[in-house]
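J.: You'll find entry-v9.cif just under this line, and it carries mmCIF, C-alpha atoms.
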```
data_final
loop_
_atom_site.label_atom_id
_atom_site.label_comp_id
_atom_site.auth_asym_id
_atom_site.auth_seq_id
_atom_site.Cartn_x
_atom_site.Cartn_y
_atom_site.Cartn_z
CA MET A 26 16.82 -3.14 21.62
CA SER A 27 19.15 -5.12 19.40
CA THR A 28 16.30 -7.25 18.09
CA PHE A 29 13.52 -4.89 17.26
CA PRO A 30 10.29 -6.88 16.76
CA LEU A 31 9.68 -7.31 13.04
CA ASP A 32 5.91 -6.87 13.24
CA VAL A 33 6.32 -3.45 14.86
CA LEU A 34 9.01 -2.57 12.34
CA ALA A 35 6.61 -3.43 9.50
CA GLU A 36 3.96 -1.17 11.08
CA ILE A 37 6.48 1.68 11.16
CA LEU A 38 7.96 1.19 7.69
CA CYS A 39 4.56 0.87 5.99
CA ARG A 40 3.91 4.46 7.09
CA LEU A 41 6.95 5.76 5.19
CA PRO A 42 6.66 7.32 1.74
CA VAL A 43 7.54 4.75 -0.98
CA ASP A 44 11.00 6.17 -1.67
CA CYS A 45 11.98 6.17 2.00
CA ALA A 46 10.72 2.62 2.52
CA LEU A 47 12.76 1.48 -0.49
CA ARG A 48 15.84 3.27 0.85
CA CYS A 49 15.51 1.25 4.04
CA ARG A 50 16.19 -1.92 2.01
CA CYS A 51 19.87 -1.01 2.36
CA VAL A 52 19.81 -1.13 6.18
CA SER A 53 20.29 -4.87 6.67
CA ARG A 54 19.40 -8.26 5.23
CA SER A 55 16.41 -8.75 7.51
CA TRP A 56 15.07 -5.27 6.68
CA ARG A 57 15.54 -5.96 2.98
CA ALA A 58 13.70 -9.29 3.22
CA LEU A 59 10.88 -7.63 5.14
CA ILE A 60 10.46 -4.75 2.66
CA ASP A 61 10.67 -7.09 -0.35
CA SER A 62 8.01 -9.43 1.02
CA ALA A 63 4.55 -9.60 -0.52
CA GLU A 64 3.02 -9.09 2.95
CA PHE A 65 4.84 -5.81 3.37
CA ALA A 66 3.83 -4.62 -0.10
CA LYS A 67 0.23 -5.30 0.83
CA LEU A 68 0.59 -3.53 4.17
CA HIS A 69 2.08 -0.51 2.43
CA VAL A 70 -0.60 -0.41 -0.27
CA ASN A 71 -3.41 -0.78 2.28
CA TYR A 72 -2.00 2.01 4.38
CA SER A 73 -1.57 4.26 1.33
CA VAL A 74 -5.13 3.59 0.19
CA LYS A 75 -6.55 4.14 3.68
CA THR A 76 -4.74 7.44 4.16
CA ASN A 77 -4.86 8.58 0.53
CA SER A 78 -1.07 8.93 0.57
CA ASN A 79 1.67 8.13 -1.94
CA LEU A 80 -0.51 9.45 -4.75
CA ARG A 81 1.23 9.98 -8.04
CA LEU A 82 0.45 11.41 -11.37
CA MET A 83 1.91 9.47 -14.29
CA LEU A 84 2.86 11.49 -17.33
CA ARG A 85 3.62 10.11 -20.76
CA LYS A 86 5.58 11.91 -23.40
CA VAL A 87 4.34 11.09 -26.85
CA ASP A 88 7.14 11.03 -29.30
CA TYR A 89 6.32 10.26 -32.89
CA PHE A 90 9.89 10.37 -34.04
CA GLY A 91 11.09 7.38 -32.14
CA TYR A 92 13.28 9.10 -29.60
CA GLY A 93 10.95 8.35 -26.73
CA LYS A 94 13.04 5.77 -24.97
CA ARG A 95 12.30 7.22 -21.59
CA CYS A 96 8.79 8.40 -22.05
CA PHE A 97 7.29 8.14 -18.57
CA TYR A 98 7.44 10.61 -15.74
CA SER A 99 5.95 10.48 -12.29
CA LEU A 100 4.92 13.37 -10.13
CA ASP A 101 4.24 13.14 -6.40
CA PHE A 102 0.96 14.71 -5.39
CA ASP A 103 2.58 16.04 -2.23
CA SER A 104 5.10 17.95 -4.30
CA LEU A 105 2.36 19.85 -6.14
CA ASN A 106 2.26 22.36 -3.29
CA SER A 107 5.82 23.47 -3.90
CA ARG A 108 6.58 26.21 -6.39
CA VAL A 109 8.89 24.25 -8.61
CA VAL A 110 7.71 20.80 -9.55
CA THR A 111 10.09 18.36 -11.19
CA PRO A 112 8.62 15.18 -12.63
CA LYS A 113 10.82 12.15 -12.08
CA GLU A 114 11.94 10.42 -15.26
CA LEU A 115 11.32 6.68 -15.26
CA THR A 116 12.92 3.93 -17.28
CA ASN A 117 10.30 2.41 -19.51
CA PRO A 118 10.56 -1.39 -19.32
CA LEU A 119 8.94 -1.85 -22.73
CA MET A 120 11.08 0.66 -24.50
CA SER A 121 11.01 0.41 -28.22
CA SER A 122 12.65 2.66 -30.73
CA GLU A 123 9.55 2.75 -32.90
CA ILE A 124 6.46 2.50 -30.81
CA ASN A 125 5.28 4.55 -27.89
CA THR A 126 4.16 2.76 -24.77
CA LYS A 127 0.60 3.22 -23.60
CA ILE A 128 -0.87 2.85 -20.12
CA LEU A 129 -3.79 0.41 -20.25
CA GLY A 130 -4.71 0.48 -16.59
CA SER A 131 -3.54 1.22 -13.08
CA CYS A 132 -4.35 -0.16 -9.68
CA ASN A 133 -2.65 0.07 -6.26
CA GLY A 134 0.50 1.58 -7.70
CA LEU A 135 0.88 -0.99 -10.49
CA LEU A 136 0.49 -0.16 -14.16
CA LEU A 137 -0.48 -2.26 -17.14
CA ILE A 138 1.48 -0.99 -20.09
CA SER A 139 1.67 -1.97 -23.73
CA ASN A 140 3.73 -0.93 -26.70
CA THR A 141 2.24 -3.15 -29.36
CA VAL A 142 -0.68 -5.50 -29.28
CA ASP A 143 1.81 -8.27 -28.71
CA GLU A 144 3.77 -6.88 -25.85
CA ILE A 145 2.22 -6.00 -22.51
CA ALA A 146 3.66 -5.83 -19.03
CA LEU A 147 2.75 -5.14 -15.43
CA TRP A 148 5.05 -2.51 -14.01
CA ASN A 149 5.67 -1.09 -10.57
CA PRO A 150 7.14 2.34 -11.33
CA SER A 151 8.19 2.80 -7.68
CA THR A 152 10.50 -0.20 -7.61
CA GLY A 153 11.11 -0.41 -11.35
CA LYS A 154 10.16 -4.08 -11.27
CA TYR A 155 8.07 -5.41 -14.12
CA LYS A 156 6.69 -8.62 -15.52
CA LYS A 157 6.08 -9.19 -19.19
CA ILE A 158 2.86 -10.98 -19.92
CA PRO A 159 2.65 -13.40 -22.82
CA VAL A 160 -0.13 -12.40 -25.16
CA VAL A 161 -2.33 -15.00 -26.78
CA GLY A 162 -2.58 -14.31 -30.46
CA ILE A 163 -5.88 -13.50 -32.14
CA THR A 164 -6.35 -15.46 -35.34
CA GLU A 165 -9.82 -14.46 -36.50
CA ASN A 166 -10.70 -11.05 -37.90
CA HIS A 167 -11.80 -8.99 -34.97
CA VAL A 168 -13.47 -5.64 -34.52
CA HIS A 169 -11.41 -4.49 -31.58
CA VAL A 170 -9.47 -5.43 -28.49
CA ASN A 171 -9.87 -3.86 -25.07
CA PHE A 172 -7.76 -4.39 -21.98
CA GLY A 173 -8.34 -3.75 -18.32
CA PHE A 174 -6.37 -4.23 -15.13
CA GLY A 175 -7.43 -4.41 -11.50
CA TYR A 176 -7.35 -6.13 -8.14
CA ASP A 177 -9.55 -9.11 -7.32
CA VAL A 178 -10.36 -8.61 -3.63
CA THR A 179 -12.02 -12.03 -3.22
CA ASN A 180 -9.00 -14.01 -4.35
CA ASP A 181 -6.30 -11.47 -3.46
CA ASP A 182 -5.03 -11.48 -7.02
CA TYR A 183 -4.22 -8.93 -9.71
CA LYS A 184 -5.90 -9.62 -13.02
CA VAL A 185 -5.57 -8.44 -16.60
CA VAL A 186 -8.68 -8.77 -18.73
CA ARG A 187 -8.65 -8.86 -22.52
CA ILE A 188 -11.89 -8.60 -24.41
CA VAL A 189 -11.83 -9.25 -28.16
CA GLN A 190 -15.03 -8.71 -30.09
CA PHE A 191 -15.94 -10.26 -33.43
CA GLU A 192 -18.64 -9.50 -35.92
CA LYS A 193 -21.09 -12.35 -36.50
CA GLY A 194 -21.62 -12.47 -40.23
CA SER A 195 -25.23 -13.53 -40.43
CA GLU A 196 -27.24 -10.85 -38.70
CA LYS A 197 -26.69 -7.09 -38.66
CA GLY A 198 -25.51 -5.87 -35.27
CA SER A 199 -24.75 -9.28 -33.88
CA PHE A 200 -21.36 -10.05 -32.43
CA HIS A 201 -19.58 -12.37 -30.07
CA SER A 202 -16.87 -11.79 -27.50
CA ASP A 203 -13.80 -13.61 -26.42
CA VAL A 204 -12.93 -12.76 -22.83
CA MET A 205 -9.63 -13.87 -21.34
CA VAL A 206 -8.29 -13.26 -17.85
CA PHE A 207 -4.65 -13.29 -16.82
CA SER A 208 -4.10 -13.97 -13.15
CA LEU A 209 -0.85 -12.68 -11.67
CA ARG A 210 -1.02 -15.32 -8.94
CA SER A 211 -1.17 -18.28 -11.32
CA SER A 212 0.72 -16.42 -14.04
CA CYS A 213 -1.45 -17.69 -16.86
CA TRP A 214 -4.35 -16.77 -19.11
CA ARG A 215 -7.72 -18.43 -18.86
CA ARG A 216 -10.71 -18.12 -21.16
CA VAL A 217 -14.00 -17.05 -19.56
CA GLU A 218 -16.77 -19.38 -20.72
CA GLU A 219 -19.63 -17.03 -19.94
CA GLU A 220 -20.60 -14.99 -23.00
CA LEU A 221 -20.34 -11.21 -22.60
CA PRO A 222 -23.50 -9.89 -24.27
CA TYR A 223 -22.35 -6.27 -24.42
CA TYR A 224 -20.55 -4.52 -27.20
CA LEU A 225 -17.73 -2.27 -25.99
CA ARG A 226 -18.21 0.96 -27.86
CA TYR A 227 -14.76 2.43 -27.96
CA GLU A 228 -11.72 0.89 -29.51
CA ASP A 229 -8.64 1.14 -27.29
CA GLN A 230 -10.60 2.28 -24.28
CA PRO A 231 -9.09 0.55 -21.26
CA GLY A 232 -11.46 -0.60 -18.52
CA THR A 233 -11.86 1.72 -15.56
CA TYR A 234 -11.17 -0.01 -12.26
CA LEU A 235 -13.46 0.72 -9.32
CA ASN A 236 -14.63 -1.36 -6.35
CA GLY A 237 -13.31 -4.67 -7.62
CA SER A 238 -14.75 -4.35 -11.13
CA LEU A 239 -13.60 -3.07 -14.50
CA HIS A 240 -16.03 -0.77 -16.29
CA TRP A 241 -16.54 -0.02 -19.95
CA ILE A 242 -19.05 1.99 -21.91
CA ALA A 243 -20.99 -0.48 -24.01
CA SER A 244 -24.19 -1.05 -25.94
CA ALA A 245 -26.49 -4.02 -26.34
CA LYS A 246 -25.86 -4.31 -30.06
CA MET A 247 -22.95 -3.69 -32.35
CA GLU A 248 -23.39 -0.68 -34.51
CA ARG A 249 -20.94 1.69 -36.00
CA PRO A 250 -21.03 4.58 -35.39
CA ALA A 251 -22.52 3.65 -32.07
CA ASN A 252 -23.98 6.98 -31.13
CA LYS A 253 -27.56 6.06 -32.06
CA LEU A 254 -27.72 3.32 -29.45
CA GLU A 255 -28.31 3.87 -25.77
CA PRO A 256 -24.97 3.81 -23.95
CA LEU A 257 -24.74 1.59 -20.93
CA ILE A 258 -22.04 0.72 -18.45
CA VAL A 259 -20.87 -2.86 -18.22
CA ALA A 260 -19.05 -3.90 -15.05
CA PHE A 261 -16.78 -6.91 -15.17
CA ASP A 262 -16.42 -8.30 -11.64
CA LEU A 263 -12.84 -9.51 -11.18
CA GLY A 264 -13.91 -11.93 -8.45
CA THR A 265 -16.74 -13.73 -10.23
CA GLU A 266 -15.37 -12.93 -13.72
CA MET A 267 -18.83 -12.00 -14.93
CA GLY A 268 -19.88 -8.93 -16.83
CA THR A 269 -23.14 -7.29 -15.89
CA ARG A 270 -24.91 -4.09 -16.76
CA THR A 271 -24.78 -1.51 -13.98
CA ALA A 272 -26.95 1.53 -13.42
CA SER A 273 -25.86 4.49 -15.49
CA PRO A 274 -25.62 7.87 -13.82
CA LEU A 275 -28.56 10.21 -14.34
CA TYR A 276 -27.76 13.30 -16.34
CA MET B 5 -18.83 -7.92 37.92
CA ALA B 6 -20.22 -4.41 38.08
CA SER B 7 -22.24 -5.17 41.19
CA SER B 8 -19.24 -6.41 43.15
CA THR B 9 -17.23 -3.28 42.44
CA THR B 10 -19.78 -0.77 43.65
CA GLY B 11 -18.39 1.39 46.37
CA GLU B 12 -14.74 0.62 45.97
CA LYS B 13 -12.69 0.41 42.83
CA LYS B 14 -10.52 -2.59 42.03
CA ILE B 15 -6.84 -1.97 42.40
CA LEU B 16 -4.02 -3.59 40.44
CA THR B 17 -0.24 -3.52 40.75
CA LEU B 18 2.05 -3.42 37.71
CA LYS B 19 5.71 -4.26 38.26
CA GLY B 20 8.19 -2.66 35.89
CA GLY B 21 11.51 -4.14 34.74
CA ASP B 22 13.43 -2.63 37.63
CA ASN B 23 10.91 -3.93 40.19
CA GLU B 24 9.30 -0.58 40.70
CA GLU B 25 5.62 -0.99 41.52
CA PHE B 26 2.75 1.01 40.11
CA ILE B 27 -0.64 0.83 41.78
CA LEU B 28 -3.58 1.81 39.64
CA GLU B 29 -7.27 1.19 39.09
CA GLU B 30 -8.02 -2.00 37.23
CA SER B 31 -10.35 -0.19 34.86
CA LEU B 32 -7.37 1.73 33.46
CA VAL B 33 -5.37 -1.32 32.40
CA LEU B 34 -8.33 -2.79 30.54
CA GLN B 35 -7.28 -0.55 27.63
CA SER B 36 -4.46 -3.03 27.11
CA GLU B 37 -5.71 -6.20 25.42
CA LEU B 38 -2.91 -8.22 27.02
CA LEU B 39 -3.59 -7.05 30.58
CA LYS B 40 -7.35 -7.26 30.08
CA ASN B 41 -7.05 -10.96 29.26
CA MET B 42 -4.74 -11.59 32.21
CA VAL B 43 -7.06 -9.85 34.64
CA LYS B 44 -10.16 -11.59 33.33
CA GLU B 45 -8.73 -15.08 33.16
CA GLU B 46 -6.69 -15.26 36.31
CA ARG B 47 -8.08 -12.52 38.55
CA VAL B 48 -4.57 -11.46 39.44
CA SER B 49 -3.85 -8.40 41.54
CA SER B 50 -0.19 -7.99 40.58
CA ILE B 51 1.31 -8.28 37.10
CA PRO B 52 5.08 -8.39 36.53
CA LEU B 53 6.25 -6.77 33.29
CA PRO B 54 9.99 -7.44 33.40
CA SER B 55 10.60 -6.48 29.78
CA ILE B 56 9.30 -2.93 30.23
CA LYS B 57 11.47 -0.25 31.85
CA SER B 58 9.80 1.64 34.68
CA LYS B 59 10.43 4.91 32.87
CA THR B 60 8.48 3.56 29.88
CA LEU B 61 5.73 2.24 32.10
CA VAL B 62 5.31 5.66 33.74
CA LYS B 63 4.71 7.17 30.31
CA ILE B 64 2.24 4.49 29.30
CA ILE B 65 0.26 4.81 32.55
CA GLU B 66 0.15 8.56 31.98
CA TYR B 67 -1.40 7.88 28.57
CA LEU B 68 -3.92 5.38 29.94
CA LYS B 69 -5.12 7.93 32.50
CA LYS B 70 -5.48 10.68 29.92
CA HIS B 71 -7.19 8.40 27.46
CA ALA B 72 -9.68 7.25 30.10
CA GLU B 73 -10.65 10.89 30.67
CA LEU B 74 -11.22 11.51 26.97
CA THR B 75 -14.64 13.00 26.24
CA PRO B 76 -15.97 14.76 23.15
CA SER B 77 -15.43 18.12 24.86
CA ASN B 78 -11.70 17.68 25.59
CA LYS B 79 -10.75 16.11 22.26
CA GLU B 80 -8.47 19.00 21.34
CA GLU B 81 -6.71 18.86 24.67
CA PHE B 82 -6.16 15.12 24.21
CA LYS B 83 -4.71 15.63 20.73
CA ASN B 84 -2.21 18.10 22.16
CA PHE B 85 -1.38 15.63 24.89
CA GLU B 86 -0.72 12.93 22.27
CA LYS B 87 1.60 15.24 20.37
CA GLU B 88 3.53 16.01 23.54
CA PHE B 89 3.49 12.34 24.49
CA VAL B 90 5.60 11.29 21.49
CA ASN B 91 7.83 14.33 21.75
CA VAL B 92 10.57 12.40 23.56
CA VAL B 93 14.03 11.25 22.50
CA LEU B 94 13.80 8.71 19.69
CA GLU B 95 15.31 5.93 21.78
CA GLU B 96 12.59 6.37 24.39
CA LEU B 97 9.91 6.52 21.69
CA LEU B 98 11.11 3.18 20.31
CA ASP B 99 10.99 1.68 23.83
CA ILE B 100 7.44 2.95 24.26
CA THR B 101 6.39 1.63 20.83
CA VAL B 102 7.73 -1.86 21.55
CA ALA B 103 6.06 -1.90 24.98
CA VAL B 104 2.74 -0.67 23.58
CA ASN B 105 2.89 -3.42 20.97
CA TYR B 106 3.52 -5.99 23.70
CA LEU B 107 0.68 -4.66 25.83
CA LYS B 108 -1.59 -4.43 22.77
CA ILE B 109 -2.87 -0.90 23.21
CA ASN B 110 -3.97 -0.59 19.61
CA GLY B 111 -4.85 3.08 19.15
CA LEU B 112 -1.62 4.18 20.81
CA LEU B 113 0.44 1.71 18.80
CA GLU B 114 -0.68 3.25 15.53
CA PHE B 115 0.06 6.71 16.84
CA CYS B 116 3.56 5.71 18.00
CA CYS B 117 4.39 3.96 14.71
CA GLN B 118 3.38 7.08 12.80
CA ALA B 119 5.51 9.23 15.10
CA VAL B 120 8.55 6.99 14.55
CA ALA B 121 7.96 6.97 10.78
CA ASP B 122 7.77 10.78 10.73
CA ARG B 123 11.04 11.00 12.62
CA ILE B 124 13.04 8.58 10.44
CA LYS B 125 11.66 9.34 6.97
CA ASP B 126 14.42 11.76 5.98
CA LYS B 127 17.27 9.90 7.65
CA SER B 128 20.12 8.31 5.75
CA VAL B 129 20.66 4.57 5.88
CA GLU B 130 23.59 5.04 8.26
CA ALA B 131 21.48 7.12 10.61
CA VAL B 132 18.64 4.57 10.58
CA ARG B 133 21.14 1.82 11.43
CA LYS B 134 22.43 3.73 14.43
CA ILE B 135 18.94 4.59 15.66
CA PHE B 136 17.86 0.94 15.55
CA ARG B 137 21.32 -0.27 16.68
CA ILE B 138 21.85 -2.41 13.62
CA GLU B 139 25.20 -3.42 12.19
CA SER B 140 25.17 -3.83 8.44
CA ASP B 141 25.38 -7.52 7.54
CA PHE B 142 25.95 -6.92 3.84
CA THR B 143 29.32 -7.68 2.28
CA PRO B 144 31.54 -4.68 1.46
CA GLU B 145 30.88 -5.43 -2.24
CA GLU B 146 27.11 -5.32 -1.76
CA GLU B 147 27.42 -2.19 0.33
CA SER B 148 29.40 -0.35 -2.35
CA GLU B 149 26.95 -1.53 -5.00
CA PHE B 150 24.05 0.01 -3.04
CA ARG B 151 25.96 3.23 -2.75
CA LYS B 152 26.42 3.27 -6.50
CA GLU B 153 22.82 2.29 -7.30
CA THR B 154 21.04 4.46 -4.78
CA PRO B 155 23.44 7.18 -3.67
CA GLU B 156 20.50 9.20 -2.32
CA ALA B 157 19.89 6.54 0.33
CA PHE B 158 23.22 7.34 1.89
CA GLU B 159 22.94 11.08 1.44
CA GLY B 160 19.80 11.73 3.51
CA ASP B 161 19.77 13.38 6.89
CA LEU B 162 22.89 12.03 8.56
CA ASP B 163 21.72 13.07 11.99
CA ASP B 164 21.61 9.85 13.95
CA THR B 165 21.15 11.43 17.35
CA THR B 166 18.15 9.87 18.89
CA ASN B 167 16.87 13.22 20.15
#
```
Give the structure from this file in structure tokens form.
T.:
Amino acid sequence: MSTFPLDVLAEILCRLPVDCALRCRCVSRSWRALIDSAEFAKLHVNYSVKTNSNLRLMLRKVDYFGYGKRCFYSLDFDSLNSRVVTPKELTNPLMSSEINTKILGSCNGLLLISNTVDEIALWNPSTGKYKKIPVVGITENHVHVNFGFGYDVTNDDYKVVRIVQFEKGSEKGSFHSDVMVFSLRSSCWRRVEEELPYYLRYEDQPGTYLNGSLHWIASAKMERPANKLEPLIVAFDLGTEMGTRTASPLY
Amino acid sequence: MASSTTGEKKILTLKGGDNEEFILEESLVLQSELLKNMVKEERVSSIPLPSIKSKTLVKIIEYLKKHAELTPSNKEEFKNFEKEFVNVVLEELLDITVAVNYLKINGLLEFCCQAVADRIKDKSVEAVRKIFRIESDFTPEEESEFRKETPEAFEGDLDDTTN
């Protein structure tokens, strides 16, 4: 029994709640290497998704007076059954004395957070690990910037999408978009050549991740206020990196 | 193959680590991917399994028999059997889990891994080490750093009995 097979060990440890699995990093060097590996992270995420476990609610304290250094809290879903619920305070990796940090997206336990337009990061609140992402500056006058974050199943990659939309001077309602994708695997931004012919209606609205695509409420033309135009849902496929209109729900 | 087995059932012998022999119907062992391949490829009638203790093998054969009898009407009964099946001392459960992994009995492997996870999830690091018979290979400096960084890891359930 001295050498417990590592593949069986991984199958056991991936069934532990996040905190317990992380605690097991202190057992030995080989356990630590196993738990820190990308393969194990994937195993743990897949198991959590399959069994709907390790669900957490992220809470953000908005503090307009600049004292919000630690402004994130997490709450285990499992703990919601108990009478007294204590949210766990988390150290915000983008802490700033002046600006509150926003959550721009979440997927498989990772968060995309931002405190200014210029500073964004991917953050794993369970391990506390984070990665700052360089932001490409926007020189032209733009209407607004929208972010989204999700998992590209086809290429097994996490991607951040930034869509900047500009007014086209000549014709009323016309616009053009600049879509950039950051791949965590290659750790760089790339511009998407394909034009996105949809105008995202809401400033600051992060894309909603579902089934491998990011979704935004959009319209075919740019108009402000946008409420006279028919709203439609645009789905940006993280695998093909193409935005298409999807069927809107009937209501 | 079905035509040749009409009338009498094929019999197979499994030999445990301590040379104890277990005679059972071939159809039962087909639940193990490993044994299924051995039987199909080589048409053997006796399979030695020196790495598996006889005690463990007895348990696994018990499971194979029960699982073969599983029908939609006795599902509840089977679930209770499964619960009882993993209700053994932790050391034995680990032996079974390793053996089931070796034999590739997939459904049972998942069940065993879950049972082990449930039993160790509240244990302290020290307790987990004892259960898995691991000596810490960290330096004393690293060890004391962990204790400072994550004191809760060392405070969990200290019960390292494998019961």
J.: Report as a PyMOL selection string the full result of the PyMOL selection byres ((chain A) within 8 of (chain B)) when it is applied to this structure.
T.: chain A and resi 26-27+29-30+33+36-38+40-42+45+48-49+51-54
J.: For this structure, which residues satisfy the selection - the PyMOL selection byres ((chain B and resi 34-51) around 12) - when it is evaluated on the file as given? I want them as a CSV table (one decimal) with C-alpha atoms, keeping the file's coordinate frame.
T.:
```csv
chain,number,residue,atom,x,y,z
B,5,MET,CA,-18.8,-7.9,37.9
B,14,LYS,CA,-10.5,-2.6,42.0
B,15,ILE,CA,-6.8,-2.0,42.4
B,16,LEU,CA,-4.0,-3.6,40.4
B,17,THR,CA,-0.2,-3.5,40.8
B,18,LEU,CA,2.0,-3.4,37.7
B,19,LYS,CA,5.7,-4.3,38.3
B,20,GLY,CA,8.2,-2.7,35.9
B,21,GLY,CA,11.5,-4.1,34.7
B,23,ASN,CA,10.9,-3.9,40.2
B,24,GLU,CA,9.3,-0.6,40.7
B,25,GLU,CA,5.6,-1.0,41.5
B,26,PHE,CA,2.8,1.0,40.1
B,27,ILE,CA,-0.6,0.8,41.8
B,28,LEU,CA,-3.6,1.8,39.6
B,29,GLU,CA,-7.3,1.2,39.1
B,30,GLU,CA,-8.0,-2.0,37.2
B,31,SER,CA,-10.4,-0.2,34.9
B,32,LEU,CA,-7.4,1.7,33.5
B,33,VAL,CA,-5.4,-1.3,32.4
B,52,PRO,CA,5.1,-8.4,36.5
B,53,LEU,CA,6.2,-6.8,33.3
B,54,PRO,CA,10.0,-7.4,33.4
B,55,SER,CA,10.6,-6.5,29.8
B,56,ILE,CA,9.3,-2.9,30.2
B,64,ILE,CA,2.2,4.5,29.3
B,65,ILE,CA,0.3,4.8,32.6
B,67,TYR,CA,-1.4,7.9,28.6
B,68,LEU,CA,-3.9,5.4,29.9
B,69,LYS,CA,-5.1,7.9,32.5
B,70,LYS,CA,-5.5,10.7,29.9
B,71,HIS,CA,-7.2,8.4,27.5
B,72,ALA,CA,-9.7,7.2,30.1
B,103,ALA,CA,6.1,-1.9,25.0
B,104,VAL,CA,2.7,-0.7,23.6
B,105,ASN,CA,2.9,-3.4,21.0
B,106,TYR,CA,3.5,-6.0,23.7
B,107,LEU,CA,0.7,-4.7,25.8
B,108,LYS,CA,-1.6,-4.4,22.8
B,109,ILE,CA,-2.9,-0.9,23.2
B,110,ASN,CA,-4.0,-0.6,19.6
B,111,GLY,CA,-4.8,3.1,19.2
B,112,LEU,CA,-1.6,4.2,20.8
B,113,LEU,CA,0.4,1.7,18.8
```
J.: Output the residue selection produced by the PyMOL selection byres ((chain A and resi 143-149) around 10) on the file above, formatted as a PyMOL selection string.
T.: chain A and resi 117-119+126-131+133-142+150-163+174+183+185+209
J.: Figure out the distance between atom CA of A:Leu239 and atom CA of A:Leu257, please, to one decimal in Å.
T.: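 Answer for the atom CA of A:Leu257 to atom CA of A:Leu239 separation: 13.7 Å.
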J.: Could you jot down the atom CA of A:Asp103 to atom CA of A:Asn71 separation for me, Å, one decimal place?
T.: 18.4 Å
J.: Compare A:Ile242, A:Asp262, A:Glu228, A:Val43 by their minimum atom-to-atom distance to A:Pro274, counting all atoms listed in the file, and give me the closest one.
T.: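 Result for the nearest residue to A:Pro274: A:Ile242.
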J.: Output as a compact mmCIF listing (two decimals), keeping the file's coordinate frame: stretch 87-98 of chain B, completed with N, CA, C and O atoms.
T.:
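Final output, result-v7.txt:
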```
# COMPACT_ATOMS: atom_id res chain seq x y z
N LYS B 87 0.44 14.66 21.05
CA LYS B 87 1.60 15.24 20.37
C LYS B 87 2.78 15.36 21.33
O LYS B 87 3.91 15.04 20.99
N GLU B 88 2.49 15.85 22.53
CA GLU B 88 3.53 16.01 23.54
C GLU B 88 4.07 14.64 23.98
O GLU B 88 5.24 14.48 24.26
N PHE B 89 3.15 13.68 24.02
CA PHE B 89 3.49 12.34 24.49
C PHE B 89 4.63 11.71 23.67
O PHE B 89 5.53 11.08 24.22
N VAL B 90 4.58 11.89 22.35
CA VAL B 90 5.60 11.29 21.49
C VAL B 90 6.81 12.20 21.30
O VAL B 90 7.77 11.85 20.62
N ASN B 91 6.74 13.39 21.88
CA ASN B 91 7.83 14.33 21.75
C ASN B 91 8.92 14.02 22.78
O ASN B 91 9.21 14.80 23.68
N VAL B 92 9.50 12.84 22.66
CA VAL B 92 10.57 12.40 23.56
C VAL B 92 11.76 11.97 22.71
O VAL B 92 11.62 11.89 21.48
N VAL B 93 12.89 11.68 23.32
CA VAL B 93 14.03 11.25 22.50
C VAL B 93 13.65 9.97 21.77
O VAL B 93 12.85 9.16 22.26
N LEU B 94 14.20 9.81 20.58
CA LEU B 94 13.80 8.71 19.69
C LEU B 94 13.97 7.34 20.36
O LEU B 94 13.14 6.45 20.19
N GLU B 95 15.04 7.19 21.11
CA GLU B 95 15.31 5.93 21.78
C GLU B 95 14.15 5.57 22.73
O GLU B 95 13.68 4.44 22.76
N GLU B 96 13.69 6.59 23.45
CA GLU B 96 12.59 6.37 24.39
C GLU B 96 11.30 6.06 23.61
O GLU B 96 10.51 5.20 24.02
N LEU B 97 11.11 6.75 22.50
CA LEU B 97 9.91 6.52 21.69
C LEU B 97 9.88 5.09 21.16
O LEU B 97 8.83 4.44 21.15
N LEU B 98 11.05 4.57 20.79
CA LEU B 98 11.11 3.18 20.31
C LEU B 98 10.79 2.21 21.45
O LEU B 98 10.06 1.24 21.26
```
